[in-house]
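**Student:** Next up, entry-v6.tsv (TSV, C-alpha atoms).
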chain	number	residue	atom	x	y	z
A	1	MET	CA	8.41	-14.49	-10.72
A	2	GLN	CA	5.47	-16.57	-9.47
A	3	THR	CA	5.79	-19.99	-11.11
A	4	ASP	CA	3.89	-23.27	-11.21
A	5	ILE	CA	6.63	-25.73	-10.29
A	6	ARG	CA	6.62	-29.12	-12.04
A	7	TRP	CA	7.61	-31.83	-9.59
A	8	ALA	CA	11.25	-32.94	-10.09
A	9	GLN	CA	11.37	-31.54	-13.64
A	10	PRO	CA	14.22	-28.99	-13.64
A	11	GLU	CA	14.24	-28.47	-17.40
A	12	ALA	CA	10.51	-27.68	-17.52
A	13	ASN	CA	10.86	-25.29	-14.59
A	14	ILE	CA	13.89	-23.61	-16.16
A	15	SER	CA	11.88	-23.15	-19.36
A	16	GLU	CA	9.00	-21.49	-17.49
A	17	ALA	CA	11.40	-19.21	-15.62
A	18	ARG	CA	13.11	-18.29	-18.88
A	19	ASN	CA	9.78	-17.39	-20.48
A	20	LEU	CA	8.77	-15.17	-17.57
A	21	LEU	CA	12.13	-13.48	-17.50
A	22	SER	CA	12.02	-12.73	-21.23
A	23	GLN	CA	8.64	-11.02	-20.77
A	24	HIS	CA	10.14	-8.61	-18.24
A	25	GLU	CA	13.39	-7.45	-19.76
A	26	GLY	CA	15.53	-4.80	-18.13
A	27	SER	CA	14.99	-5.41	-14.42
A	28	ASP	CA	17.89	-5.29	-11.97
A	29	LEU	CA	16.79	-8.27	-9.88
A	30	TYR	CA	14.63	-11.33	-10.59
A	31	VAL	CA	13.30	-13.45	-7.71
A	32	LEU	CA	12.12	-17.06	-8.00
A	33	PRO	CA	10.32	-19.19	-5.36
A	34	GLU	CA	11.73	-21.72	-2.92
A	35	MET	CA	13.11	-24.92	-4.55
A	36	TRP	CA	11.93	-23.45	-7.84
A	37	SER	CA	13.50	-26.13	-10.04
A	38	THR	CA	12.06	-29.22	-8.30
A	39	GLY	CA	9.24	-28.39	-5.90
A	40	PHE	CA	9.52	-28.65	-2.12
A	41	ALA	CA	11.40	-31.94	-1.92
A	42	THR	CA	11.41	-32.85	1.76
A	43	GLU	CA	12.93	-36.22	0.79
A	44	PRO	CA	15.70	-35.02	-1.50
A	45	GLU	CA	17.38	-38.24	-2.56
A	46	GLY	CA	16.95	-38.62	-6.30
A	47	VAL	CA	15.55	-35.08	-6.61
A	48	ALA	CA	18.27	-32.76	-5.33
A	49	ALA	CA	21.22	-32.34	-7.71
A	50	ASP	CA	24.86	-32.16	-6.76
A	51	GLU	CA	25.83	-28.55	-6.21
A	52	ALA	CA	28.74	-28.82	-8.64
A	53	SER	CA	26.53	-30.00	-11.50
A	54	ASN	CA	23.20	-28.32	-10.81
A	55	ALA	CA	21.63	-27.29	-14.12
A	56	ALA	CA	19.23	-24.83	-12.46
A	57	PHE	CA	22.05	-23.01	-10.69
A	58	GLN	CA	24.07	-22.92	-13.91
A	59	TRP	CA	21.08	-21.40	-15.70
A	60	MET	CA	20.75	-18.74	-12.98
A	61	HIS	CA	24.43	-17.89	-13.31
A	62	ASP	CA	24.42	-17.77	-17.11
A	63	GLU	CA	21.24	-15.66	-17.33
A	64	ALA	CA	22.41	-13.21	-14.68
A	65	CYS	CA	25.78	-12.72	-16.36
A	66	SER	CA	24.40	-12.41	-19.90
A	67	ARG	CA	21.66	-9.98	-18.84
A	68	ARG	CA	23.83	-8.04	-16.37
A	69	CYS	CA	21.28	-8.47	-13.60
A	70	ALA	CA	20.84	-10.48	-10.40
A	71	LEU	CA	18.81	-13.65	-9.95
A	72	CYS	CA	17.85	-15.31	-6.69
A	73	GLY	CA	15.80	-18.27	-5.51
A	74	SER	CA	16.38	-21.45	-3.55
A	75	LEU	CA	17.41	-24.90	-4.77
A	76	ALA	CA	17.55	-28.33	-3.17
A	77	ILE	CA	21.20	-29.32	-3.42
A	78	ARG	CA	23.53	-32.08	-2.31
A	79	CYS	CA	26.85	-30.67	-1.09
A	80	ALA	CA	30.25	-32.25	-1.60
A	81	ASP	CA	30.21	-33.45	2.01
A	82	GLY	CA	27.00	-35.41	1.34
A	83	THR	CA	24.66	-33.10	3.26
A	84	TYR	CA	21.51	-31.68	1.71
A	85	ARG	CA	20.79	-27.96	1.89
A	86	ASN	CA	17.86	-25.75	1.00
A	87	ARG	CA	20.14	-23.08	-0.43
A	88	HIS	CA	18.90	-19.63	-1.37
A	89	TYR	CA	21.30	-18.35	-4.04
A	90	PHE	CA	21.87	-14.73	-4.98
A	91	VAL	CA	23.72	-14.50	-8.29
A	92	ASP	CA	25.05	-11.05	-9.19
A	93	GLY	CA	25.71	-11.10	-12.91
A	94	CYS	CA	27.21	-7.62	-12.92
A	95	SER	CA	30.14	-8.69	-10.76
A	96	ASP	CA	29.92	-12.43	-11.57
A	97	SER	CA	29.65	-13.21	-7.86
A	98	VAL	CA	27.51	-15.70	-5.94
A	99	SER	CA	26.19	-15.41	-2.38
A	100	PHE	CA	23.90	-17.85	-0.64
A	101	TYR	CA	21.86	-18.44	2.48
A	102	ASP	CA	21.08	-21.89	3.85
A	103	LYS	CA	17.58	-22.04	5.32
A	104	HIS	CA	17.87	-21.85	9.09
A	105	HIS	CA	14.36	-22.77	10.20
A	106	LEU	CA	13.74	-26.12	8.56
A	107	PHE	CA	10.06	-27.05	8.29
A	108	THR	CA	9.83	-29.75	10.95
A	109	TYR	CA	6.06	-30.17	10.43
A	110	GLY	CA	6.86	-31.43	6.93
A	111	HIS	CA	9.98	-33.37	8.09
A	112	GLU	CA	12.41	-31.15	6.18
A	113	ASP	CA	14.73	-31.43	9.20
A	114	ARG	CA	15.09	-35.21	8.74
A	115	TYR	CA	17.12	-34.86	5.57
A	116	TYR	CA	18.43	-31.30	5.34
A	117	THR	CA	21.12	-29.55	7.34
A	118	ALA	CA	20.08	-26.16	8.70
A	119	GLY	CA	22.12	-23.06	8.06
A	120	THR	CA	23.61	-21.34	11.07
A	121	GLU	CA	24.34	-17.87	9.70
A	122	PRO	CA	22.04	-15.13	8.41
A	123	ALA	CA	22.88	-13.57	5.05
A	124	ILE	CA	22.76	-9.96	3.88
A	125	VAL	CA	23.77	-9.17	0.30
A	126	SER	CA	24.70	-5.72	-1.02
A	127	TYR	CA	23.35	-4.95	-4.49
A	128	GLU	CA	22.67	-1.70	-6.33
A	129	GLY	CA	23.03	0.25	-3.08
A	130	PHE	CA	20.53	-1.93	-1.20
A	131	ARG	CA	21.33	-4.25	1.68
A	132	LEU	CA	19.15	-7.32	1.12
A	133	GLN	CA	18.42	-9.94	3.77
A	134	LEU	CA	17.77	-13.41	2.34
A	135	LEU	CA	15.12	-15.63	3.98
A	136	THR	CA	13.38	-18.84	2.97
A	137	CYS	CA	9.71	-19.68	3.62
A	138	TYR	CA	9.36	-20.94	7.24
A	139	ASP	CA	11.95	-18.35	8.36
A	140	LEU	CA	9.19	-15.77	7.93
A	141	ARG	CA	7.53	-16.99	11.14
A	142	PHE	CA	10.55	-16.18	13.34
A	143	PRO	CA	10.97	-12.43	13.83
A	144	VAL	CA	14.04	-12.61	16.07
A	145	TRP	CA	16.11	-14.31	13.37
A	146	SER	CA	15.27	-11.61	10.82
A	147	ARG	CA	15.33	-8.58	13.13
A	148	TYR	CA	17.15	-5.40	12.14
A	149	ARG	CA	19.91	-4.95	14.71
A	150	GLU	CA	23.44	-3.66	15.17
A	151	GLY	CA	25.72	-5.48	12.77
A	152	HIS	CA	22.67	-6.83	10.92
A	153	GLU	CA	21.26	-3.81	9.12
A	154	PHE	CA	19.32	-4.08	5.88
A	155	ASP	CA	16.94	-2.20	3.59
A	156	ALA	CA	14.84	-5.04	2.19
A	157	ILE	CA	13.98	-8.65	2.95
A	158	ILE	CA	13.73	-11.17	0.13
A	159	VAL	CA	11.79	-14.26	1.18
A	160	VAL	CA	11.25	-17.13	-1.26
A	161	ALA	CA	8.57	-19.67	-0.44
A	162	ASN	CA	6.41	-22.71	-1.08
A	163	TRP	CA	3.63	-21.38	1.18
A	164	PRO	CA	0.40	-23.42	0.97
A	165	GLU	CA	-3.07	-22.05	0.41
A	166	ASN	CA	-4.43	-23.27	3.76
A	167	ARG	CA	-1.95	-20.96	5.53
A	168	GLN	CA	-2.37	-18.04	3.14
A	169	ALA	CA	-3.77	-15.77	5.90
A	170	ALA	CA	-0.50	-16.16	7.80
A	171	TRP	CA	1.45	-15.24	4.65
A	172	GLN	CA	-0.53	-12.04	4.32
A	173	VAL	CA	0.05	-11.08	7.96
A	174	LEU	CA	3.68	-12.11	8.33
A	175	THR	CA	5.00	-10.48	5.16
A	176	ARG	CA	3.55	-7.18	6.33
A	177	ALA	CA	4.70	-7.64	9.92
A	178	ARG	CA	8.33	-8.27	8.94
A	179	ALA	CA	8.31	-5.14	6.75
A	180	VAL	CA	6.74	-2.91	9.41
A	181	GLU	CA	8.79	-4.05	12.40
A	182	ASN	CA	12.07	-3.72	10.48
A	183	GLN	CA	11.00	-0.55	8.66
A	184	CYS	CA	12.07	-2.03	5.33
A	185	TYR	CA	10.79	-3.30	2.01
A	186	LEU	CA	9.81	-6.95	1.77
A	187	VAL	CA	9.73	-8.97	-1.45
A	188	GLY	CA	7.87	-12.25	-0.93
A	189	VAL	CA	7.81	-14.72	-3.82
A	190	ASN	CA	5.58	-17.77	-3.56
A	191	ARG	CA	4.60	-20.48	-6.05
A	192	VAL	CA	1.26	-21.55	-7.50
A	193	GLY	CA	-0.06	-24.97	-8.50
A	194	ALA	CA	-0.02	-28.18	-6.49
A	195	ASP	CA	2.15	-31.10	-5.47
A	196	ARG	CA	1.45	-34.24	-3.44
A	197	TYR	CA	1.56	-32.21	-0.24
A	198	SER	CA	-0.37	-29.00	-0.83
A	199	HIS	CA	-2.03	-26.50	-3.12
A	200	TYR	CA	-0.26	-23.16	-3.49
A	201	LYS	CA	-2.14	-19.93	-4.09
A	202	GLY	CA	0.82	-17.64	-4.78
A	203	CYS	CA	-0.03	-14.04	-3.82
A	204	SER	CA	3.61	-13.02	-4.20
A	205	CYS	CA	3.95	-9.46	-3.00
A	206	VAL	CA	6.08	-6.38	-2.44
A	207	ILE	CA	5.43	-4.52	0.84
A	208	ASP	CA	6.77	-1.14	1.92
A	209	CYS	CA	7.97	-0.09	5.37
A	210	TYR	CA	4.49	1.07	6.42
A	211	GLY	CA	2.96	-2.29	5.55
A	212	LYS	CA	1.38	-1.06	2.31
A	213	CYS	CA	1.20	-3.63	-0.48
A	214	LEU	CA	2.87	-2.04	-3.51
A	215	ALA	CA	2.05	-4.98	-5.77
A	216	GLN	CA	0.69	-8.51	-5.50
A	217	CYS	CA	0.47	-11.32	-8.04
A	218	ARG	CA	-2.94	-12.73	-8.81
A	219	PRO	CA	-3.88	-15.91	-6.93
A	220	ASP	CA	-3.34	-19.22	-8.72
A	221	GLN	CA	-1.74	-17.68	-11.81
A	222	VAL	CA	1.75	-17.86	-13.23
A	223	GLN	CA	2.80	-14.23	-13.29
A	224	ALA	CA	5.72	-11.85	-12.99
A	225	LEU	CA	5.49	-8.30	-11.71
A	226	THR	CA	7.98	-5.46	-12.01
A	227	VAL	CA	8.21	-3.12	-9.03
A	228	GLU	CA	10.60	-0.24	-8.38
A	229	LEU	CA	12.04	0.12	-4.88
A	230	ASP	CA	13.05	3.63	-3.85
A	231	LEU	CA	16.00	3.58	-1.45
A	232	GLN	CA	16.00	7.35	-0.93
A	233	GLU	CA	12.33	7.29	0.03
A	234	LEU	CA	12.98	4.48	2.50
A	235	GLN	CA	15.84	6.44	4.04
A	236	ARG	CA	13.64	9.54	4.24
A	237	ARG	CA	10.91	7.62	6.06
A	238	ARG	CA	13.38	6.03	8.45
A	239	SER	CA	14.90	9.42	9.19
A	240	LYS	CA	11.54	11.08	9.80
A	241	PHE	CA	9.85	8.31	11.82
A	242	ARG	CA	12.74	6.85	13.79
A	243	VAL	CA	11.23	3.57	14.94
A	244	LEU	CA	14.49	1.65	14.64
A	245	ASP	CA	16.19	3.96	17.15
A	246	ASP	CA	13.86	2.60	19.83
A	247	ARG	CA	14.32	-1.08	19.08
A	248	ASP	CA	15.36	-3.54	21.77
A	249	GLU	CA	18.94	-4.75	21.65
A	250	PHE	CA	19.60	-8.48	21.92
A	251	CYS	CA	21.97	-11.20	20.80
A	252	LEU	CA	21.18	-14.56	19.22
A	253	LYS	CA	22.24	-17.77	20.90
A	254	SER	CA	23.27	-20.79	18.87
A	255	LYS	CA	20.91	-23.76	19.06
Could the structure of this file be written out as structure tokens, please?

**Tutor:**
Amino acid sequence: MQTDIRWAQPEANISEARNLLSQHEGSDLYVLPEMWSTGFATEPEGVAADEASNAAFQWMHDEACSRRCALCGSLAIRCADGTYRNRHYFVDGCSDSVSFYDKHHLFTYGHEDRYYTAGTEPAIVSYEGFRLQLLTCYDLRFPVWSRYREGHEFDAIIVVANWPENRQAAWQVLTRARAVENQCYLVGVNRVGADRYSHYKGCSCVIDCYGKCLAQCRPDQVQALTVELDLQELQRRRSKFRVLDDRDEFCLKSK
């Protein structure tokens, strides 16, 4: 769901998301961009809502439960301990459960690290037979963090983003690279429009394990696309061309 995010206007952004969702009834999973309810608020005070009373999260939960689907996307939140997080929620309305991933690689170039607390743990969510790794924007540039490995196996990566137009070439390369090297699907959802920092071209995409683009949203347009992911086909390709068997083993060190 490629949206044009209105700066610090959650109700307007909820309305646009609701309209897109209603035009694509019957999907299992709906994916929204990074900080989809506010825009990329690197200075969150006055913009980020308390987690316990976040209207955008409540909308995600209510829609997922009423439609018996899953909704994911990241929100700028203020936690009960006073820290700010760029939190990528995955709301499973079928089981009424919530998982989340706190963005690990904060965007230091844009000073996101000055105000937000980085997550320390990766997140893989099981849904409809798929194992889904959650990533957020800048994480896409760091292949070690997202690498398929023992104890960290997955079938698809979902990366939500506010990825600017002037780095669009990197978006095209990195979404395909992460899919190919991990022999998985990748769902990359970016925004369109502009804020005081950047212009955003969108080009949200779904990539298969060979790096083929299965679908891509049109540049600069609010748009939603419906794409079917075939788990059996992915398993067949992994079984036939056993790239993951030859991967290098490693362990991550804490920063």

**Student:** Out of A:Lys201, A:Arg141, A:Arg78, A:Arg191, which residue has the shortest atom-to-atom distance to Gln168 of chain A when counting all atoms listed in the file?

**Tutor:**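 Nearest to Gln168 of chain A: A:Lys201.
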
**Student:** Between atom CA of Lys212 of chain A and atom CA of Glu165 of chain A, measure the distance and give it in Å to one decimal.

**Tutor:**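 Answer for the atom CA of Lys212 of chain A to atom CA of Glu165 of chain A separation: 21.5 Å.
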
**Student:** Go through segment 70-152 of chain A residue by residue and, counting all atoms listed in the file, keep those with an atom at most 9 Å from segment 228-246 of chain A; for each kept residue give the shortest atom pair and its distance in Å to one decimal, ordered by chain and increasing number, as a Markdown table.

**Tutor:**
| residue | atom | partner | partner_atom | distance |
| --- | --- | --- | --- | --- |
| A:Gly129 | CA | A:Leu231 | CA | 7.9 |
| A:Phe130 | CA | A:Leu231 | CA | 7.1 |
| A:Tyr148 | CA | A:Leu244 | CA | 7.9 |
| A:Arg149 | CA | A:Leu244 | CA | 8.5 |

**Student:** Between atom CA of Asn19 of chain A and atom CA of Trp59 of chain A, what is the distance in Å, rounded to a tenth?

**Tutor:** 12.9 Å

**Student:** For a quick check of understanding, using all atoms listed in the file, which of A:Ser126, A:Tyr115, A:Trp36, A:Arg131 has the smallest distance to His88 of chain A?

**Tutor:**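 Between A:Ser126, A:Tyr115, A:Trp36, A:Arg131, the residue approaching His88 of chain A most closely is A:Trp36.
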
**Student:** In terms of the shortest atom-to-atom distance over all atoms listed in the file, which of A:Leu29, A:Val144, A:Cys209, A:Ala170 is closest to Val227 of chain A?

**Tutor:**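 Nearest to Val227 of chain A: A:Leu29.
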
**Student:** Got a sec: who's within 8 Å of Glu121 of chain A, counting only C-alpha atoms, leaving out chain neighbours fewer than 6 positions off, as a PyMOL selection string?

**Tutor:** chain A and resi 101-102+104

**Student:** Let me see the file: selected residues, C-alpha atoms, as an mmCIF file, in the frame of the given file.

**Tutor:**
data_model
loop_
_atom_site.group_PDB
_atom_site.id
_atom_site.type_symbol
_atom_site.label_atom_id
_atom_site.label_comp_id
_atom_site.auth_asym_id
_atom_site.auth_seq_id
_atom_site.Cartn_x
_atom_site.Cartn_y
_atom_site.Cartn_z
ATOM 1 C CA TYR A 101 21.860 -18.440 2.480
ATOM 2 C CA ASP A 102 21.080 -21.890 3.850
ATOM 3 C CA HIS A 104 17.870 -21.850 9.090
#

**Student:** Output as lines of an AutoDock Vina configuration file the centre and edge lengths (Å, one decimal) of the box along x, y and z of the file that holds every listed atom of segment 148-163 of chain A after adding 6 Å on each side.

**Tutor:**
center_x = 14.7
center_y = -12.5
center_z = 7.0
size_x = 34.1
size_y = 32.5
size_z = 28.4

**Student:** Taking all atoms listed in the file into account, which of A:Pro164, A:His24, A:Asp139, A:Arg85 comes nearest Arg196 of chain A?

**Tutor:**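 Nearest candidate to Arg196 of chain A out of A:Pro164, A:His24, A:Asp139, A:Arg85: A:Pro164.
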
**Student:** Measure the distance from atom CA of Ser22 of chain A to atom CA of Phe90 of chain A in Å and round it to one decimal.

**Tutor:** 19.1 Å

**Student:** Give me, as a PyMOL selection string, all polymer residues having an atom no more than 12 Å from Glu153 of chain A, counting only C-alpha atoms and skipping those fewer than 6 positions away in the same chain.

**Tutor:** chain A and resi 122-126+130-133+146-147+182-184+244

**Student:** Let's have the selection written as an mmCIF file, in the coordinates of the input, with C-alpha atoms.

**Tutor:**
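Result went into result-v8.cif, see below:
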data_model
loop_
_atom_site.group_PDB
_atom_site.id
_atom_site.type_symbol
_atom_site.label_atom_id
_atom_site.label_comp_id
_atom_site.auth_asym_id
_atom_site.auth_seq_id
_atom_site.Cartn_x
_atom_site.Cartn_y
_atom_site.Cartn_z
ATOM 1 C CA PRO A 122 22.040 -15.130 8.410
ATOM 2 C CA ALA A 123 22.880 -13.570 5.050
ATOM 3 C CA ILE A 124 22.760 -9.960 3.880
ATOM 4 C CA VAL A 125 23.770 -9.170 0.300
ATOM 5 C CA SER A 126 24.700 -5.720 -1.020
ATOM 6 C CA PHE A 130 20.530 -1.930 -1.200
ATOM 7 C CA ARG A 131 21.330 -4.250 1.680
ATOM 8 C CA LEU A 132 19.150 -7.320 1.120
ATOM 9 C CA GLN A 133 18.420 -9.940 3.770
ATOM 10 C CA SER A 146 15.270 -11.610 10.820
ATOM 11 C CA ARG A 147 15.330 -8.580 13.130
ATOM 12 C CA ASN A 182 12.070 -3.720 10.480
ATOM 13 C CA GLN A 183 11.000 -0.550 8.660
ATOM 14 C CA CYS A 184 12.070 -2.030 5.330
ATOM 15 C CA LEU A 244 14.490 1.650 14.640
#

**Student:** Hey, which of A:Val192, A:Ala118, A:Leu186, A:Ala70 ends up closest to Thr83 of chain A? Count only C-alpha atoms.

**Tutor:**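 Ranking A:Val192, A:Ala118, A:Leu186, A:Ala70 by distance to Thr83 of chain A, first place goes to A:Ala118.
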
**Student:** Pick the closest to Cys205 of chain A from A:Gly151, A:Pro10, A:Gly82, A:Gly188: which is it, counting only C-alpha atoms?

**Tutor:**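 Using only C-alpha atoms, the shortest distance to Cys205 of chain A belongs to A:Gly188.
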
**Student:** Can you pull segment 88-103 of chain A out of that block with N, CA and C atoms and hand it back as a short mmCIF file (atom, residue, chain, number, x, y, z; two decimals), in the first residue's frame?

**Tutor:**
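Saved result, decode-v3.cif, follows:
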data_model
loop_
_atom_site.label_atom_id
_atom_site.label_comp_id
_atom_site.auth_asym_id
_atom_site.auth_seq_id
_atom_site.Cartn_x
_atom_site.Cartn_y
_atom_site.Cartn_z
N HIS A 88 8.04 -1.42 13.97
CA HIS A 88 7.37 -2.09 12.85
C HIS A 88 6.43 -3.15 13.43
N TYR A 89 5.14 -2.86 13.38
CA TYR A 89 4.13 -3.77 13.94
C TYR A 89 3.66 -4.77 12.89
N PHE A 90 3.38 -5.97 13.37
CA PHE A 90 2.72 -6.99 12.56
C PHE A 90 1.51 -7.45 13.37
N VAL A 91 0.32 -7.08 12.88
CA VAL A 91 -0.93 -7.38 13.60
C VAL A 91 -1.64 -8.51 12.86
N ASP A 92 -1.77 -9.65 13.52
CA ASP A 92 -2.45 -10.81 12.96
C ASP A 92 -3.88 -10.82 13.48
N GLY A 93 -4.81 -10.42 12.63
CA GLY A 93 -6.20 -10.34 13.04
C GLY A 93 -6.88 -11.69 13.16
N CYS A 94 -6.30 -12.71 12.56
CA CYS A 94 -6.90 -14.05 12.66
C CYS A 94 -6.73 -14.63 14.05
N SER A 95 -5.59 -14.35 14.67
CA SER A 95 -5.32 -14.86 16.02
C SER A 95 -5.36 -13.75 17.07
N ASP A 96 -5.65 -12.53 16.63
CA ASP A 96 -5.66 -11.35 17.51
C ASP A 96 -4.35 -11.26 18.29
N SER A 97 -3.24 -11.35 17.55
CA SER A 97 -1.91 -11.27 18.17
C SER A 97 -1.10 -10.16 17.51
N VAL A 98 -0.16 -9.62 18.26
CA VAL A 98 0.67 -8.52 17.78
C VAL A 98 2.14 -8.86 17.98
N SER A 99 2.93 -8.74 16.92
CA SER A 99 4.38 -8.86 16.99
C SER A 99 4.97 -7.53 16.54
N PHE A 100 6.21 -7.28 16.90
CA PHE A 100 6.82 -6.05 16.43
C PHE A 100 8.33 -6.21 16.33
N TYR A 101 8.91 -5.31 15.55
CA TYR A 101 10.35 -5.22 15.37
C TYR A 101 10.75 -3.76 15.52
N ASP A 102 11.69 -3.48 16.41
CA ASP A 102 12.21 -2.13 16.55
C ASP A 102 13.41 -1.95 15.64
N LYS A 103 13.36 -0.94 14.79
CA LYS A 103 14.40 -0.70 13.80
C LYS A 103 15.79 -0.72 14.45
#
